[in-house]
Amino acid sequence: GWLVFEDPARAVNAIEAMGRFGAAFAAPEASAPPALPQVELPAHTPSEAVAKSLLGAAGVPPVPEHAAPDSEAAVAAAASIGFPVVMKILSPDILHKSEMGGVLLDVADADAVRHGYATLLDRASHHAPAAKIEGVLVAKQIKGAVEMALGILRDPVFGPVAMVGLGGIFIEVLKDVSFRRCPFGPAEAERMIRSLRGFPLLDGVRGRPRADVPALAQALSALSAFAAAAGPRLLSVDVNPMLVLPEGQGCYAADAVIEVSGEAD
């Protein structure tokens with residue numbers, strides 16, 4: 001009844017596999033994913049504002065923001081949100097705005113909003129003259145948050161797969177990410193988050209306040225349910241950065257891209 005291995009490397013691999021099986025059987029039962037009604041995707045890839053609206057309805061909260069069709073509407077939006085604000089060009093044809101200077105930070109007063117509105121439209125006409133411009137998105141500028149990234153990829157075998165990792169430029173540099181098949185509950189989402197090598201950044205490293213990990217887990221779980229309910233027309237979702245505030249203060253999607261196929265069911 002004893003297993004005999006001629007090669008010690010094979011024996012070690014077998015022991016490691018037994019450990020993985022044991023850990024899997026000992027893992028707590030997965031929590032149920034949140035229930036969502038059928039998601040109605042737009043006919044084409046939406047603008048950032050529409051993408052955030054869809055995700056917000058599913059439980060992924062966006063930063064407080066308003067779409068402004070003209071400069072005076074942008075001033076009114078900034079005044080209602082409170083200065084400083086972030087301003088972004090709003091177009092379904094310009095999904096990656098930073099590369100063309102389509103994002104302005106620390107916009108501090110009404111005159112700066114007017115100047116920023118003109119600047120963004122000028123840059124858009126120069127870099128993407130054929131793009132449909134819907135105006136400018138005016139958003140609250142949030143500071144003191146940990147930047148995370150959430151995403152959805154459609155795998156040809158497993159269907160929608162959710163991703164979480166450190167956000168901003170770190171996701172491209174460090175590639176510290178975790179993946180799970182959709183959908184899943186908040187407990188599994190939190191296990192994904194805690195498995196990251198960079199988790200100490202959320203856990204109060206070097207005297208920083210602990211981040212609101214439960215709120216981030218709820219948002220990640222909600223995103224997984226959204227992806228499962230959206231159907232095969234959903235190609236991908238990119239929420240980066242997801243701004244995670246200190247414990248009890250929640251988290252907010254500062255940017256979002258939803259890509260859909262053009263073929264309705």
# chains A, B, ... in the order shown; residues from 1 in each chain; ligands from 1

$ closest_atom_pairs --of "segment 124-226 of chain A" --to "segment 92-114 of chain A" --cutoff "9 Å" --atoms "only C-alpha atoms" --output "Markdown table"
| residue | atom | partner | partner_atom | distance |
| --- | --- | --- | --- | --- |
| A:Ala124 | CA | A:Gly102 | CA | 7.2 |
| A:His127 | CA | A:Met100 | CA | 6.5 |
| A:Ala128 | CA | A:Ile94 | CA | 7.7 |
| A:Ala130 | CA | A:Asp93 | CA | 8.6 |
| A:Ala131 | CA | A:Asp93 | CA | 5.3 |
| A:Lys132 | CA | A:Asp93 | CA | 6.4 |
| A:Ile133 | CA | A:Pro92 | CA | 7.8 |
| A:Glu134 | CA | A:Pro92 | CA | 8.2 |
| A:Gln141 | CA | A:Asp106 | CA | 7.2 |

$ write_last_selection --atoms "C-alpha atoms" --output "CSV table (one decimal), in the first residue's frame"
chain,number,residue,atom,x,y,z
A,124,ALA,CA,-9.7,66.2,-28.6
A,127,HIS,CA,-5.8,64.1,-31.5
A,128,ALA,CA,-9.1,62.6,-32.5
A,130,ALA,CA,-13.4,62.3,-36.1
A,131,ALA,CA,-14.4,61.4,-32.5
A,132,LYS,CA,-18.0,62.1,-31.3
A,133,ILE,CA,-17.7,64.5,-28.4
A,134,GLU,CA,-20.4,64.5,-25.8
A,141,GLN,CA,-11.2,64.6,-6.9

$ residues_around --residues "segment 218-228 of chain A" --least-positions-apart "2" --cutoff "8 Å" --atoms "only C-alpha atoms" --output "list in words"
Pro33, Pro34, Ala35, Leu36, Val39, Leu55, Ala58, Gly59, Val60, Pro61, Leu150, Ile152, Pro160, Val161, Ala162, Val164, Cys182, Pro183, Phe184, Gly185, Pro186, Ala189, Pro214, Ala215, Leu216, Ala230, Gly231 and Leu234 of chain A

$ atom_distance --atom1 "atom CA of His44 of chain A" --atom2 "atom CA of Ala254 of chain A"
21.5 Å

$ closest_residue --among "A:Ala24, A:Gly207, A:Phe179, A:Val257" --to "Asp155 of chain A" --atoms "only C-alpha atoms"
A:Phe179

$ closest_residue --among "A:Gly22, A:Gly56, A:Pro241, A:Pro232" --to "Pro156 of chain A" --atoms "only C-alpha atoms"
A:Pro232

$ select_by_dssp --residues "segment 11-246 of chain A" --states "strand (DSSP E)" --output "ChimeraX atom specification"
/A:65-68,85-90,103-107,135-140,146-155,159-166,177-181,234-244

$ write_last_selection --atoms "C-alpha atoms" --output "CSV table (one decimal), in the first residue's frame"
chain,number,residue,atom,x,y,z
A,65,GLU,CA,-19.6,63.3,-11.2
A,66,HIS,CA,-21.7,65.1,-13.8
A,67,ALA,CA,-21.6,65.2,-17.6
A,68,ALA,CA,-21.4,68.7,-18.9
A,85,VAL,CA,-12.4,68.6,-9.4
A,86,VAL,CA,-11.2,66.4,-12.2
A,87,MET,CA,-12.2,67.1,-15.8
A,88,LYS,CA,-12.2,64.5,-18.6
A,89,ILE,CA,-13.1,64.6,-22.3
A,90,LEU,CA,-16.3,62.6,-22.7
A,103,VAL,CA,-7.7,64.4,-18.2
A,104,LEU,CA,-7.1,67.5,-16.0
A,105,LEU,CA,-6.5,67.3,-12.3
A,106,ASP,CA,-6.7,69.8,-9.4
A,107,VAL,CA,-9.1,72.1,-11.3
A,135,GLY,CA,-18.9,67.2,-23.6
A,136,VAL,CA,-16.7,67.0,-20.5
A,137,LEU,CA,-17.1,64.8,-17.4
A,138,VAL,CA,-16.6,66.7,-14.1
A,139,ALA,CA,-15.8,64.6,-11.1
A,140,LYS,CA,-14.9,64.9,-7.5
A,146,VAL,CA,-5.4,53.3,-2.4
A,147,GLU,CA,-5.6,52.8,-6.2
A,148,MET,CA,-6.8,49.3,-7.2
A,149,ALA,CA,-7.9,47.9,-10.6
A,150,LEU,CA,-10.9,45.7,-11.3
A,151,GLY,CA,-11.6,44.0,-14.6
A,152,ILE,CA,-13.5,41.5,-16.6
A,153,LEU,CA,-12.1,39.4,-19.5
A,154,ARG,CA,-14.1,36.9,-21.6
A,155,ASP,CA,-12.3,33.6,-21.8
A,159,GLY,CA,-16.7,32.7,-20.0
A,160,PRO,CA,-16.4,36.0,-18.0
A,161,VAL,CA,-13.4,36.0,-15.6
A,162,ALA,CA,-12.9,38.7,-13.0
A,163,MET,CA,-9.6,40.3,-12.1
A,164,VAL,CA,-8.4,42.4,-9.2
A,165,GLY,CA,-4.9,44.0,-8.7
A,166,LEU,CA,-3.0,47.1,-7.7
A,177,VAL,CA,-3.3,40.3,-10.0
A,178,SER,CA,-5.8,37.6,-9.0
A,179,PHE,CA,-8.4,35.9,-11.3
A,180,ARG,CA,-11.7,34.1,-10.6
A,181,ARG,CA,-14.5,32.8,-12.8
A,234,LEU,CA,-19.8,41.8,-22.9
A,235,LEU,CA,-16.2,41.6,-24.1
A,236,SER,CA,-14.4,43.3,-21.3
A,237,VAL,CA,-14.6,45.8,-18.4
A,238,ASP,CA,-11.7,47.9,-17.1
A,239,VAL,CA,-12.2,49.8,-13.8
A,240,ASN,CA,-8.9,51.6,-13.2
A,241,PRO,CA,-8.3,53.2,-10.8
A,242,MET,CA,-10.8,52.0,-8.2
A,243,LEU,CA,-10.2,54.4,-5.3
A,244,VAL,CA,-10.4,52.6,-1.9

$ select_by_dssp --residues "segment 34-224 of chain A" --states "helix (DSSP H, G or I)" --output "PyMOL selection string"
chain A and resi 48-58+71-81+98-100+110-127+170-173+186-194+199-201+205-207+213-224

$ closest_residue --among "A:Ser261, A:Gln249, A:Thr119, A:Ser31" --to "Ser71 of chain A" --atoms "only C-alpha atoms"
A:Thr119

$ residues_around --residues "Asp212 of chain A" --least-positions-apart "4" --cutoff "6 Å" --atoms "only C-alpha atoms" --output "list of chain:residue names"
A:Leu245, A:Pro246, A:Glu247, A:Gly248, A:Gly250

$ decode --residues "segment 215-227 of chain A" --atoms "N, CA, C and O atoms" --output "mmCIF file, in the first residue's frame"
data_model
loop_
_atom_site.group_PDB
_atom_site.id
_atom_site.type_symbol
_atom_site.label_atom_id
_atom_site.label_comp_id
_atom_site.auth_asym_id
_atom_site.auth_seq_id
_atom_site.Cartn_x
_atom_site.Cartn_y
_atom_site.Cartn_z
ATOM 1 N N ALA A 215 -15.675 46.964 1.431
ATOM 2 C CA ALA A 215 -16.361 47.693 0.354
ATOM 3 C C ALA A 215 -15.778 47.310 -0.999
ATOM 4 O O ALA A 215 -16.519 47.150 -1.981
ATOM 5 N N LEU A 216 -14.456 47.147 -1.066
ATOM 6 C CA LEU A 216 -13.825 46.726 -2.322
ATOM 7 C C LEU A 216 -14.283 45.325 -2.702
ATOM 8 O O LEU A 216 -14.553 45.044 -3.881
ATOM 9 N N ALA A 217 -14.396 44.428 -1.726
ATOM 10 C CA ALA A 217 -14.857 43.066 -1.995
ATOM 11 C C ALA A 217 -16.300 43.074 -2.504
ATOM 12 O O ALA A 217 -16.651 42.309 -3.416
ATOM 13 N N GLN A 218 -17.139 43.904 -1.917
ATOM 14 C CA GLN A 218 -18.527 44.008 -2.394
ATOM 15 C C GLN A 218 -18.566 44.482 -3.843
ATOM 16 O O GLN A 218 -19.330 43.965 -4.659
ATOM 17 N N ALA A 219 -17.736 45.474 -4.175
ATOM 18 C CA ALA A 219 -17.716 45.986 -5.548
ATOM 19 C C ALA A 219 -17.213 44.931 -6.527
ATOM 20 O O ALA A 219 -17.753 44.784 -7.631
ATOM 21 N N LEU A 220 -16.173 44.193 -6.138
ATOM 22 C CA LEU A 220 -15.636 43.143 -7.004
ATOM 23 C C LEU A 220 -16.659 42.037 -7.218
ATOM 24 O O LEU A 220 -16.845 41.548 -8.348
ATOM 25 N N SER A 221 -17.351 41.641 -6.152
ATOM 26 C CA SER A 221 -18.399 40.628 -6.278
ATOM 27 C C SER A 221 -19.536 41.124 -7.175
ATOM 28 O O SER A 221 -20.038 40.386 -8.034
ATOM 29 N N ALA A 222 -19.937 42.389 -6.996
ATOM 30 C CA ALA A 222 -20.996 42.963 -7.837
ATOM 31 C C ALA A 222 -20.576 42.995 -9.299
ATOM 32 O O ALA A 222 -21.382 42.721 -10.198
ATOM 33 N N LEU A 223 -19.301 43.310 -9.552
ATOM 34 C CA LEU A 223 -18.807 43.313 -10.931
ATOM 35 C C LEU A 223 -18.871 41.919 -11.536
ATOM 36 O O LEU A 223 -19.221 41.749 -12.715
ATOM 37 N N SER A 224 -18.545 40.899 -10.748
ATOM 38 C CA SER A 224 -18.605 39.520 -11.252
ATOM 39 C C SER A 224 -20.037 39.125 -11.602
ATOM 40 O O SER A 224 -20.274 38.435 -12.595
ATOM 41 N N ALA A 225 -21.004 39.563 -10.781
ATOM 42 C CA ALA A 225 -22.411 39.265 -11.065
ATOM 43 C C ALA A 225 -22.881 40.016 -12.307
ATOM 44 O O ALA A 225 -23.634 39.481 -13.128
ATOM 45 N N PHE A 226 -22.434 41.262 -12.455
ATOM 46 C CA PHE A 226 -22.764 42.047 -13.655
ATOM 47 C C PHE A 226 -22.276 41.334 -14.905
ATOM 48 O O PHE A 226 -22.998 41.218 -15.904
ATOM 49 N N ALA A 227 -21.026 40.835 -14.865
ATOM 50 C CA ALA A 227 -20.456 40.167 -16.036
ATOM 51 C C ALA A 227 -21.222 38.900 -16.378
ATOM 52 O O ALA A 227 -21.452 38.603 -17.555
#
